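Have a look at structure.csv; it's CSV, C-alpha atoms:
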chain,number,residue,atom,x,y,z
I,234,MET,CA,-11.0,0.7,-8.1
I,235,GLU,CA,-13.9,-0.6,-10.1
I,236,GLU,CA,-16.4,1.0,-7.7
I,237,VAL,CA,-14.8,4.3,-8.3
I,238,TRP,CA,-15.3,4.0,-12.0
I,239,LYS,CA,-18.9,3.0,-11.5
I,240,ASP,CA,-19.4,6.0,-9.4
I,241,TYR,CA,-18.0,8.2,-12.1
I,242,MET,CA,-20.1,6.7,-14.7
I,243,SER,CA,-23.2,7.4,-12.7
I,244,LEU,CA,-22.1,11.0,-12.3
I,245,GLN,CA,-21.7,11.5,-16.0
I,246,PRO,CA,-23.8,14.5,-17.0
I,247,SER,CA,-23.1,16.6,-14.1
I,248,LEU,CA,-19.3,16.6,-14.0
I,249,ILE,CA,-17.1,19.2,-15.3
I,250,SER,CA,-15.1,18.2,-18.2
I,251,ILE,CA,-11.4,18.6,-18.5
I,252,THR,CA,-10.4,21.7,-20.4
I,253,PRO,CA,-7.1,22.5,-21.8
I,254,ALA,CA,-7.0,26.1,-20.6
I,255,ALA,CA,-8.7,27.7,-17.7
I,256,ALA,CA,-9.5,30.8,-19.7
I,257,ALA,CA,-11.4,28.9,-22.3
I,258,GLY,CA,-12.9,26.6,-19.8
I,259,GLY,CA,-16.5,27.5,-20.1
I,260,ALA,CA,-16.6,27.9,-23.8
I,261,LEU,CA,-14.8,24.7,-24.4
I,262,TYR,CA,-17.0,22.8,-22.2
I,263,ASN,CA,-20.0,23.8,-24.1
I,264,HIS,CA,-18.2,23.4,-27.3
I,265,ARG,CA,-17.2,19.9,-26.5
I,266,HIS,CA,-20.6,19.0,-25.3
I,267,HIS,CA,-22.1,20.2,-28.4
I,268,GLN,CA,-19.6,18.5,-30.5
I,269,HIS,CA,-20.2,15.3,-28.9
I,270,LEU,CA,-23.9,15.5,-29.4
I,271,SER,CA,-23.3,15.9,-33.1
I,272,PRO,CA,-20.7,13.3,-33.5
I,273,SER,CA,-18.4,14.4,-36.2
I,274,GLY,CA,-15.3,12.6,-35.4
I,275,ALA,CA,-13.4,15.4,-36.9
I,276,GLY,CA,-10.8,17.6,-35.6
I,277,ALA,CA,-7.3,17.4,-34.4
I,278,SER,CA,-8.2,15.1,-31.7
I,279,HIS,CA,-5.9,12.1,-31.8
I,280,SER,CA,-6.1,10.6,-28.5
I,281,PRO,CA,-9.7,9.7,-27.8
I,282,PRO,CA,-10.2,7.4,-30.7
I,283,SER,CA,-7.3,5.3,-29.8
I,284,PHE,CA,-8.1,5.9,-26.3
I,285,SER,CA,-11.2,3.9,-26.5
I,286,SER,CA,-9.6,0.7,-27.4
I,287,PRO,CA,-7.3,0.4,-24.5
I,288,LEU,CA,-10.1,1.1,-22.2
I,289,GLN,CA,-12.0,-1.8,-23.5
I,290,PRO,CA,-10.3,-4.5,-21.6
I,291,PRO,CA,-10.6,-3.0,-18.1
I,292,THR,CA,-14.1,-3.7,-16.8
I,293,PRO,CA,-16.1,-1.7,-16.7
I,294,PRO,CA,-14.5,0.6,-19.3
I,295,PRO,CA,-14.8,4.1,-18.0
I,296,PRO,CA,-15.9,6.4,-20.8
I,297,THR,CA,-14.2,9.7,-20.7
I,298,THR,CA,-14.1,12.8,-22.6
I,299,LEU,CA,-10.8,14.5,-22.9
I,300,SER,CA,-9.5,17.5,-24.5
I,301,LEU,CA,-6.3,15.7,-25.2
I,302,SER,CA,-3.3,17.2,-26.7
I,303,SER,CA,0.2,16.0,-26.9
I,304,THR,CA,1.1,16.7,-23.4
I,305,LEU,CA,-1.3,15.3,-21.0
I,306,GLU,CA,-1.1,17.5,-17.9
I,307,PHE,CA,-3.6,17.1,-15.2
I,308,THR,CA,-2.9,19.7,-12.7
I,309,TYR,CA,-5.5,20.2,-10.1
I,310,LEU,CA,-6.7,23.8,-10.6
I,311,GLY,CA,-10.0,23.5,-8.9
I,312,GLY,CA,-11.8,22.1,-11.9
I,313,ALA,CA,-9.7,23.1,-14.8
I,314,GLY,CA,-7.0,21.1,-16.3
I,315,ALA,CA,-4.1,22.8,-17.8
I,316,GLY,CA,-3.2,20.7,-20.7
I,317,GLY,CA,-1.1,21.9,-23.6
I,318,GLY,CA,-3.1,23.7,-26.1
I,319,GLY,CA,-4.2,22.1,-29.3
I,320,GLY,CA,-7.0,19.8,-30.1
I,321,SER,CA,-9.9,20.3,-28.0
I,322,SER,CA,-12.4,18.4,-30.0
I,323,THR,CA,-13.4,15.0,-29.0
I,324,SER,CA,-14.0,12.6,-31.7
I,325,GLY,CA,-17.2,10.8,-32.0
I,326,ASP,CA,-17.1,8.2,-29.4
I,327,ASP,CA,-20.6,7.2,-30.1
I,328,SER,CA,-20.4,4.1,-28.2
I,329,ARG,CA,-19.4,6.0,-25.1
I,330,ASP,CA,-21.3,8.4,-23.1
I,331,LEU,CA,-20.0,11.7,-22.3
I,332,MET,CA,-18.2,11.3,-19.1
I,333,ALA,CA,-16.0,13.8,-17.4
I,334,PHE,CA,-13.9,14.0,-14.4
I,335,SER,CA,-14.3,16.5,-11.7
I,336,PHE,CA,-11.0,17.2,-10.3
I,337,ALA,CA,-12.0,17.2,-6.7
I,338,PRO,CA,-12.0,13.5,-6.2
I,339,ALA,CA,-10.1,12.8,-9.3
I,340,ASP,CA,-6.7,14.2,-8.5
I,341,GLN,CA,-5.8,11.2,-6.5
I,342,TYR,CA,-6.6,9.0,-9.5
I,343,GLN,CA,-4.6,11.2,-11.9
I,344,TYR,CA,-1.8,8.7,-11.6
I,345,ARG,CA,-4.0,5.8,-12.4
I,346,TYR,CA,-5.6,7.7,-15.2
I,347,GLN,CA,-2.3,8.7,-16.6
I,348,THR,CA,-1.1,5.2,-16.8
I,349,ILE,CA,-4.1,4.2,-18.8
I,350,MET,CA,-3.6,7.3,-21.0
I,351,LYS,CA,-0.1,6.2,-21.8
I,352,GLN,CA,-1.6,3.5,-24.0
I,353,SER,CA,-2.8,6.0,-26.5
I,354,SER,CA,-1.1,5.6,-29.7
I,355,SER,CA,-0.7,9.2,-30.6
I,356,SER,CA,3.0,9.5,-31.1
I,357,ALA,CA,3.3,12.9,-29.5
I,358,ALA,CA,1.2,12.1,-26.5
I,359,ALA,CA,2.9,8.7,-26.2
I,360,ALA,CA,6.3,10.2,-26.3
I,361,GLY,CA,5.5,12.5,-23.5
I,362,ASP,CA,3.9,9.8,-21.5
I,363,SER,CA,6.6,7.3,-22.0
I,364,ARG,CA,9.1,9.9,-21.0
I,365,ARG,CA,7.2,10.4,-17.9
I,366,GLN,CA,6.9,6.7,-17.2
I,367,ARG,CA,10.6,6.3,-17.7
I,368,ARG,CA,11.3,9.2,-15.4
I,369,MET,CA,9.0,7.5,-12.8
I,370,ILE,CA,10.8,4.2,-13.1
I,371,LYS,CA,14.2,5.9,-12.8
I,372,ASN,CA,13.0,7.7,-9.7
I,373,ARG,CA,11.8,4.5,-8.2
I,374,GLU,CA,15.2,2.9,-8.8
I,375,SER,CA,16.9,5.8,-7.3
I,376,ALA,CA,14.8,5.7,-4.3
I,377,ALA,CA,15.5,2.0,-3.9
I,378,ARG,CA,19.2,2.6,-4.2
I,379,SER,CA,18.9,5.3,-1.6
I,380,ARG,CA,17.1,3.0,0.8
I,381,ALA,CA,19.7,0.3,0.2
I,382,ARG,CA,22.5,2.8,0.9
I,383,ARG,CA,20.9,3.8,4.2
I,384,GLN,CA,20.3,0.2,5.2
I,385,ALA,CA,23.8,-0.9,4.4
I,386,TYR,CA,25.3,1.9,6.4
I,387,THR,CA,23.2,1.4,9.5
I,388,ASN,CA,23.9,-2.3,9.3
I,389,GLU,CA,27.6,-1.6,9.2
I,390,MET,CA,27.4,0.8,12.1
I,391,GLU,CA,25.4,-1.6,14.2
I,392,LEU,CA,28.0,-4.4,13.6
I,393,GLU,CA,30.8,-2.0,14.4
I,394,LEU,CA,29.1,-0.9,17.6
I,395,GLU,CA,28.6,-4.5,18.8
I,396,GLN,CA,32.2,-5.3,18.1
I,397,LEU,CA,33.5,-2.2,19.9
I,398,ARG,CA,31.3,-2.9,22.9
I,399,ARG,CA,32.6,-6.5,23.1
I,400,GLU,CA,36.2,-5.3,22.8
I,401,ASN,CA,35.7,-2.6,25.4
I,402,GLU,CA,34.2,-5.1,27.8
I,403,MET,CA,37.1,-7.4,27.3
I,404,LEU,CA,39.7,-4.7,27.8
I,405,ILE,CA,38.0,-3.4,30.9
I,406,LYS,CA,38.1,-6.9,32.4
I,407,ARG,CA,41.7,-7.4,31.4
I,408,HIS,CA,42.6,-4.1,33.0
I,409,GLN,CA,40.9,-5.1,36.2
I,410,GLU,CA,42.6,-8.4,36.3
I,411,LEU,CA,46.0,-6.9,35.6
I,412,SER,CA,45.6,-4.2,38.2
I,413,VAL,CA,44.6,-6.7,40.8
I,414,ARG,CA,47.5,-8.9,39.9
I,415,LEU,CA,49.9,-5.9,40.1
I,416,ALA,CA,48.6,-4.9,43.5
I,417,THR,CA,48.8,-8.3,45.0
I,418,SER,CA,52.2,-9.2,43.5
I,419,SER,CA,53.9,-5.9,44.5
I,420,SER,CA,52.7,-6.2,48.1
I,421,ALA,CA,54.0,-9.7,48.3
I,422,GLN,CA,57.5,-9.2,47.0
I,423,VAL,CA,58.6,-5.7,48.0
I,424,PRO,CA,58.4,-4.4,51.5
I,425,ALA,CA,56.8,-1.0,51.8
I,426,HIS,CA,59.7,1.1,52.9
I,427,TYR,CA,62.1,-0.5,50.5
I,428,SER,CA,60.7,1.2,47.4
I,429,SER,CA,61.1,4.7,48.7
I,430,THR,CA,64.7,4.6,49.6
I,431,LEU,CA,67.7,4.8,47.3
I,432,HIS,CA,69.9,1.8,46.9
I,433,ARG,CA,73.6,1.8,46.8
I,434,CYS,CA,75.3,-0.8,44.7
I,435,ARG,CA,78.7,-1.7,43.5
I,436,SER,CA,78.1,-0.5,40.0
I,437,ALA,CA,78.3,3.1,41.1
I,438,PRO,CA,81.0,5.1,39.2
I,439,PRO,CA,84.3,5.3,41.0
T,151,MET,CA,29.7,-10.6,8.5
T,152,ALA,CA,30.8,-7.6,6.6
T,153,ASN,CA,29.0,-9.2,3.7
T,154,ASP,CA,25.7,-8.0,5.1
T,155,SER,CA,26.5,-4.4,4.1
T,156,LEU,CA,27.9,-5.6,0.8
T,157,THR,CA,24.8,-7.5,0.1
T,158,THR,CA,22.4,-4.8,1.1
T,159,GLY,CA,24.3,-2.3,-1.0
T,160,HIS,CA,24.1,-4.8,-3.9
T,161,ILE,CA,27.8,-5.1,-4.3
T,162,ILE,CA,27.3,-8.8,-4.0
T,163,GLY,CA,25.4,-9.3,-7.2
T,164,ASP,CA,26.4,-6.3,-9.2
T,165,VAL,CA,30.2,-6.7,-8.8
T,166,LEU,CA,31.0,-9.7,-6.8
T,167,ASP,CA,29.7,-13.1,-6.0
T,168,PRO,CA,29.1,-14.2,-2.4
T,169,PHE,CA,32.3,-14.9,-0.5
T,170,THR,CA,33.6,-15.0,3.0
T,171,SER,CA,36.2,-12.6,4.2
T,172,SER,CA,39.4,-14.3,5.3
T,173,VAL,CA,41.9,-11.5,5.4
T,174,PRO,CA,41.6,-8.3,7.4
T,175,LEU,CA,41.5,-5.3,5.2
T,176,THR,CA,41.8,-1.7,6.5
T,177,VAL,CA,41.3,1.2,4.2
T,178,MET,CA,42.2,4.7,5.5
T,179,TYR,CA,41.7,8.0,3.8
T,180,ASP,CA,43.6,10.7,5.6
T,181,GLY,CA,44.1,8.4,8.6
T,182,ARG,CA,40.4,7.7,9.0
T,183,PRO,CA,39.2,4.2,8.5
T,184,VAL,CA,36.5,3.4,6.0
T,185,PHE,CA,33.4,1.5,6.9
T,186,ASP,CA,31.1,-0.1,4.4
T,187,GLY,CA,28.7,2.4,3.0
T,188,MET,CA,30.4,5.5,4.3
T,189,GLU,CA,29.7,8.7,2.4
T,190,PHE,CA,32.6,10.7,0.9
T,191,ARG,CA,32.7,13.7,-1.3
T,192,ALA,CA,35.2,13.8,-4.1
T,193,SER,CA,37.7,15.9,-2.2
T,194,ALA,CA,38.0,13.4,0.6
T,195,VAL,CA,39.1,10.7,-1.8
T,196,SER,CA,41.4,12.7,-4.0
T,197,VAL,CA,44.6,11.1,-2.6
T,198,LYS,CA,45.1,7.4,-2.6
T,199,PRO,CA,44.2,5.7,0.6
T,200,ARG,CA,46.5,3.6,2.8
T,201,VAL,CA,45.3,0.0,2.5
T,202,GLU,CA,46.6,-2.4,5.1
T,203,ILE,CA,46.4,-6.1,4.7
T,204,GLY,CA,46.4,-8.7,7.4
T,205,GLY,CA,47.7,-12.2,7.3
T,206,ASP,CA,51.1,-13.3,8.5
T,207,ASP,CA,53.0,-14.9,5.7
T,208,PHE,CA,55.1,-12.5,3.7
T,209,ARG,CA,55.3,-14.8,0.8
T,210,VAL,CA,51.6,-14.7,0.1
T,211,ALA,CA,50.8,-12.0,-2.5
T,212,TYR,CA,47.6,-10.1,-2.9
T,213,THR,CA,46.0,-8.0,-5.6
T,214,LEU,CA,44.0,-5.0,-4.7
T,215,VAL,CA,41.5,-3.5,-7.1
T,216,MET,CA,39.3,-0.4,-6.8
T,217,VAL,CA,36.3,-0.2,-9.2
T,218,ASP,CA,33.3,2.0,-9.7
T,219,PRO,CA,30.3,0.0,-10.8
T,220,ASP,CA,28.1,3.1,-11.2
T,221,ALA,CA,30.1,5.0,-13.8
T,222,PRO,CA,29.1,7.4,-15.2
T,223,ASN,CA,25.6,7.4,-13.7
T,224,PRO,CA,24.1,4.9,-11.2
T,225,SER,CA,20.8,4.8,-13.2
T,226,ASN,CA,22.7,4.2,-16.5
T,227,PRO,CA,26.0,2.6,-15.7
T,228,THR,CA,27.3,2.2,-19.2
T,229,LEU,CA,31.0,2.2,-18.1
T,230,ARG,CA,30.5,-0.4,-15.4
T,231,GLU,CA,33.0,-1.2,-13.9
T,232,TYR,CA,35.4,1.7,-14.1
T,233,LEU,CA,38.9,0.7,-12.9
T,234,HIS,CA,40.3,3.3,-10.5
T,235,TRP,CA,43.3,1.5,-9.1
T,236,MET,CA,45.1,-1.8,-9.2
T,237,VAL,CA,48.0,-2.8,-7.1
T,238,THR,CA,49.5,-6.3,-7.3
T,239,ASP,CA,52.0,-8.4,-5.5
T,240,VAL,CA,51.2,-6.9,-2.1
T,241,PRO,CA,52.7,-9.1,0.6
T,242,ALA,CA,50.6,-10.1,3.5
T,243,SER,CA,50.7,-8.0,6.6
T,244,THR,CA,51.9,-5.0,4.7
T,245,ASP,CA,50.2,-2.2,2.9
T,246,ASP,CA,49.6,-1.0,-0.6
T,247,SER,CA,53.0,0.8,-0.9
T,248,PHE,CA,54.7,-2.5,-0.8
T,249,GLY,CA,53.1,-3.7,-4.0
T,250,ARG,CA,53.3,-2.8,-7.7
T,251,GLU,CA,50.8,-0.2,-8.9
T,252,LEU,CA,49.6,-1.6,-12.2
T,253,ILE,CA,46.9,1.0,-12.7
T,254,PRO,CA,47.6,4.3,-11.1
T,255,TYR,CA,45.1,5.7,-8.6
T,256,GLU,CA,42.6,7.9,-10.3
T,257,ASN,CA,40.6,9.7,-7.7
T,258,PRO,CA,36.8,9.1,-8.0
T,259,SER,CA,35.1,12.2,-9.2
T,260,PRO,CA,31.5,11.4,-10.1
T,261,THR,CA,29.6,13.9,-12.1
T,262,MET,CA,26.1,12.4,-11.7
T,263,GLY,CA,24.6,10.6,-8.7
T,264,ILE,CA,26.1,8.8,-5.8
T,265,HIS,CA,28.5,6.1,-6.9
T,266,ARG,CA,29.6,3.0,-5.0
T,267,ILE,CA,33.3,2.6,-5.0
T,268,VAL,CA,34.5,-1.0,-4.2
T,269,LEU,CA,37.9,-2.1,-3.1
T,270,VAL,CA,38.4,-5.9,-3.5
T,271,LEU,CA,41.3,-8.0,-2.3
T,272,TYR,CA,42.3,-11.2,-4.1
T,273,GLN,CA,45.0,-13.7,-3.2
T,274,GLN,CA,47.3,-14.5,-6.0
T,275,LEU,CA,48.7,-17.9,-6.7
T,276,GLY,CA,52.1,-16.5,-7.1
T,277,ARG,CA,53.9,-13.3,-7.6
T,278,GLY,CA,53.9,-11.6,-11.0
T,279,THR,CA,50.9,-13.5,-12.2
T,280,VAL,CA,48.5,-10.6,-12.7
T,281,PHE,CA,48.4,-8.2,-15.6
T,282,ALA,CA,46.4,-5.1,-16.1
T,283,PRO,CA,43.9,-4.4,-18.9
T,284,GLN,CA,44.5,-1.7,-21.5
T,285,VAL,CA,41.5,0.5,-20.6
T,286,ARG,CA,39.9,1.5,-17.3
T,287,GLN,CA,36.2,1.4,-18.4
T,288,ASN,CA,34.0,-1.6,-18.8
T,289,PHE,CA,36.2,-3.7,-16.6
T,290,ASN,CA,34.8,-6.9,-15.2
T,291,LEU,CA,36.0,-8.2,-11.9
T,292,ARG,CA,34.5,-11.6,-12.3
T,293,ASN,CA,36.3,-12.2,-15.6
T,294,PHE,CA,39.5,-10.7,-14.3
T,295,ALA,CA,39.6,-13.0,-11.3
T,296,ARG,CA,38.9,-16.0,-13.4
T,297,ARG,CA,41.5,-15.1,-16.0
T,298,PHE,CA,44.3,-14.7,-13.5
T,299,ASN,CA,43.2,-17.5,-11.2
T,300,LEU,CA,42.5,-15.3,-8.3
T,301,GLY,CA,39.5,-17.3,-7.1
T,302,LYS,CA,37.0,-15.7,-4.8
T,303,PRO,CA,37.8,-12.4,-3.1
T,304,VAL,CA,39.3,-12.6,0.3
T,305,ALA,CA,38.1,-9.2,1.4
T,306,ALA,CA,36.1,-6.2,0.2
T,307,LYS,CA,35.1,-2.8,1.3
T,308,TYR,CA,32.9,-0.2,-0.3
T,309,PHE,CA,32.0,3.4,0.2
T,310,ASN,CA,29.7,5.9,-1.5
T,311,CYS,CA,31.1,8.9,-3.3
T,312,GLN,CA,29.5,11.9,-4.8
T,313,ARG,CA,30.7,15.1,-6.3
T,314,GLN,CA,31.8,17.9,-4.1
T,315,THR,CA,28.8,20.1,-4.6
T,316,GLY,CA,26.3,17.2,-4.6
T,317,THR,CA,23.0,17.4,-2.9
T,318,GLY,CA,23.9,14.7,-0.4
T,319,GLY,CA,21.2,12.2,-1.5
T,320,ARG,CA,18.1,11.4,0.4
T,321,ARG,CA,18.2,12.3,4.1
T,322,PHE,CA,18.3,9.3,6.4
T,323,THR,CA,15.6,10.6,8.8
Mind turning the file's structure into structure tokens?
Amino acid sequence: MEEVWKDYMSLQPSLISITPAAAAGGALYNHRHHQHLSPSGAGASHSPPSFSSPLQPPTPPPPTTLSLSSTLEFTYLGGAGAGGGGGSSTSGDDSRDLMAFSFAPADQYQYRYQTIMKQSSSSAAAAGDSRRQRRMIKNRESAARSRARRQAYTNEMELELEQLRRENEMLIKRHQELSVRLATSSSAQVPAHYSSTLHRCRSAPP
Amino acid sequence: MANDSLTTGHIIGDVLDPFTSSVPLTVMYDGRPVFDGMEFRASAVSVKPRVEIGGDDFRVAYTLVMVDPDAPNPSNPTLREYLHWMVTDVPASTDDSFGRELIPYENPSPTMGIHRIVLVLYQQLGRGTVFAPQVRQNFNLRNFARRFNLGKPVAAKYFNCQRQTGTGGRRFT
């Protein structure tokens, strides 16, 4: 993962930045660039300043520029992110270079990026992020339960199958034995013609 | 070895402690036997099942309990465990109709998710020694067994139940 971040850092100036709306993409890009160059630190941006600190610990901290708003949506639209509207200005992250993500290779790292972004302390953004995180956890649990269900059922079926096979085998054997016994015993005791004729006995009605 | 399915389905752990089955237990809905982990929709379990108990001594009494540990929602089981049915003083080698129904059968009708429904059989020390709680929700089988000296379960079965128009859960393929 570290190599990826290094690669991104090297690609800094040439990458497309994340824009909140495709329509304003070009303009915002320039705007943001410009704004960064004259670091004002103003604006409605709330996420980047706090964003910087959490990125400190991971080495190397990937500098990013984000037009962050309360909902952090990174949909891959061929270069344009569709975030919620709102603050598009980046604050003066003087210490960080302008770095942007191009979506082509980045979409697979959306998830990783999002988990880092969740640490931003902006309440609105954090609420959305934590909701998403909770949803993810719940989904994982549900998937685990589903796998457990499937495993338990197939387990049970296999056991049942084994048991039935054994029972079947035993019954077939018993049946064979009994039929053999019946054949041999009947031939020994009763003469062949005897069974086909009627018998007269004294208990017949008067 | 039925415990394998009970363990995989996390019944052992969530609801029961490990035990060994010692009494044959057959649960039949509409004449069809229930295997651990079978899937039912709410309509299939709307009428109480016929539960047959093995053993050979009429004098031994058993208590049968049916609980739902996933009420009201498997990802948020605030009502764990929900008591659906309790029958006590069932003599060995008979079925549930020979016992006393302390808690009437309430057919499982989950609104959210796929719930596990567990039937547990306990052996009583003597007849008339088991009493029912006041409410169905937040029942606790472990405490219940301890309180009435039922010891470890002698048999258990479980199945999965979802609402009639449920999506069926993840496909097994």
Chain I residues near chain T (8 Å cut-off, only C-alpha atoms) as a ChimeraX atom specification: /I:371,374-375,378-379,381-386,388-390
Would you mind listing what lies within 12 Å of Gly276 in chain T as an mmCIF file with C-alpha atoms, in the frame of the given file, with all atoms listed in the file counted and same-chain residues fewer than 4 positions away left out?
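The resulting result_28.cif:
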data_model
loop_
_atom_site.group_PDB
_atom_site.id
_atom_site.type_symbol
_atom_site.label_atom_id
_atom_site.label_comp_id
_atom_site.auth_asym_id
_atom_site.auth_seq_id
_atom_site.Cartn_x
_atom_site.Cartn_y
_atom_site.Cartn_z
ATOM 1 C CA PHE T 208 55.100 -12.500 3.700
ATOM 2 C CA ARG T 209 55.300 -14.800 0.800
ATOM 3 C CA VAL T 210 51.600 -14.700 0.100
ATOM 4 C CA ALA T 211 50.800 -12.000 -2.500
ATOM 5 C CA TYR T 212 47.600 -10.100 -2.900
ATOM 6 C CA THR T 213 46.000 -8.000 -5.600
ATOM 7 C CA THR T 238 49.500 -6.300 -7.300
ATOM 8 C CA ASP T 239 52.000 -8.400 -5.500
ATOM 9 C CA VAL T 240 51.200 -6.900 -2.100
ATOM 10 C CA PRO T 241 52.700 -9.100 0.600
ATOM 11 C CA TYR T 272 42.300 -11.200 -4.100
ATOM 12 C CA VAL T 280 48.500 -10.600 -12.700
ATOM 13 C CA PHE T 298 44.300 -14.700 -13.500
ATOM 14 C CA ASN T 299 43.200 -17.500 -11.200
ATOM 15 C CA LEU T 300 42.500 -15.300 -8.300
#
Spatial neighbours of Ala221 in chain T, max dist 9 Å, all atoms listed in the file, sep filter under 4 positions, as a PyMOL selection string: chain T and resi 226-232+260+262+265+287
Neighbours of point (36.3, -10.9, -2.0) within 12 Å, using all atoms listed in the file, written as JSON, numbers by chain: {"T": [152, 153, 156, 161, 162, 165, 166, 167, 168, 169, 170, 171, 172, 173, 174, 175, 212, 213, 214, 215, 216, 268, 269, 270, 271, 272, 273, 291, 292, 295, 300, 301, 302, 303, 304, 305, 306, 307, 308]}
Go ahead and save the residues from that selection, with C-alpha atoms, as an mmCIF file, in the coordinates of the input.
data_model
loop_
_atom_site.group_PDB
_atom_site.id
_atom_site.type_symbol
_atom_site.label_atom_id
_atom_site.label_comp_id
_atom_site.auth_asym_id
_atom_site.auth_seq_id
_atom_site.Cartn_x
_atom_site.Cartn_y
_atom_site.Cartn_z
ATOM 1 C CA ALA T 152 30.800 -7.600 6.600
ATOM 2 C CA ASN T 153 29.000 -9.200 3.700
ATOM 3 C CA LEU T 156 27.900 -5.600 0.800
ATOM 4 C CA ILE T 161 27.800 -5.100 -4.300
ATOM 5 C CA ILE T 162 27.300 -8.800 -4.000
ATOM 6 C CA VAL T 165 30.200 -6.700 -8.800
ATOM 7 C CA LEU T 166 31.000 -9.700 -6.800
ATOM 8 C CA ASP T 167 29.700 -13.100 -6.000
ATOM 9 C CA PRO T 168 29.100 -14.200 -2.400
ATOM 10 C CA PHE T 169 32.300 -14.900 -0.500
ATOM 11 C CA THR T 170 33.600 -15.000 3.000
ATOM 12 C CA SER T 171 36.200 -12.600 4.200
ATOM 13 C CA SER T 172 39.400 -14.300 5.300
ATOM 14 C CA VAL T 173 41.900 -11.500 5.400
ATOM 15 C CA PRO T 174 41.600 -8.300 7.400
ATOM 16 C CA LEU T 175 41.500 -5.300 5.200
ATOM 17 C CA TYR T 212 47.600 -10.100 -2.900
ATOM 18 C CA THR T 213 46.000 -8.000 -5.600
ATOM 19 C CA LEU T 214 44.000 -5.000 -4.700
ATOM 20 C CA VAL T 215 41.500 -3.500 -7.100
ATOM 21 C CA MET T 216 39.300 -0.400 -6.800
ATOM 22 C CA VAL T 268 34.500 -1.000 -4.200
ATOM 23 C CA LEU T 269 37.900 -2.100 -3.100
ATOM 24 C CA VAL T 270 38.400 -5.900 -3.500
ATOM 25 C CA LEU T 271 41.300 -8.000 -2.300
ATOM 26 C CA TYR T 272 42.300 -11.200 -4.100
ATOM 27 C CA GLN T 273 45.000 -13.700 -3.200
ATOM 28 C CA LEU T 291 36.000 -8.200 -11.900
ATOM 29 C CA ARG T 292 34.500 -11.600 -12.300
ATOM 30 C CA ALA T 295 39.600 -13.000 -11.300
ATOM 31 C CA LEU T 300 42.500 -15.300 -8.300
ATOM 32 C CA GLY T 301 39.500 -17.300 -7.100
ATOM 33 C CA LYS T 302 37.000 -15.700 -4.800
ATOM 34 C CA PRO T 303 37.800 -12.400 -3.100
ATOM 35 C CA VAL T 304 39.300 -12.600 0.300
ATOM 36 C CA ALA T 305 38.100 -9.200 1.400
ATOM 37 C CA ALA T 306 36.100 -6.200 0.200
ATOM 38 C CA LYS T 307 35.100 -2.800 1.300
ATOM 39 C CA TYR T 308 32.900 -0.200 -0.300
#
Two-atom distance - CA of Val184 in chain T, CA of Glu402 in chain I (Å):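 Distance reported for this atom pair: 23.5 Å.
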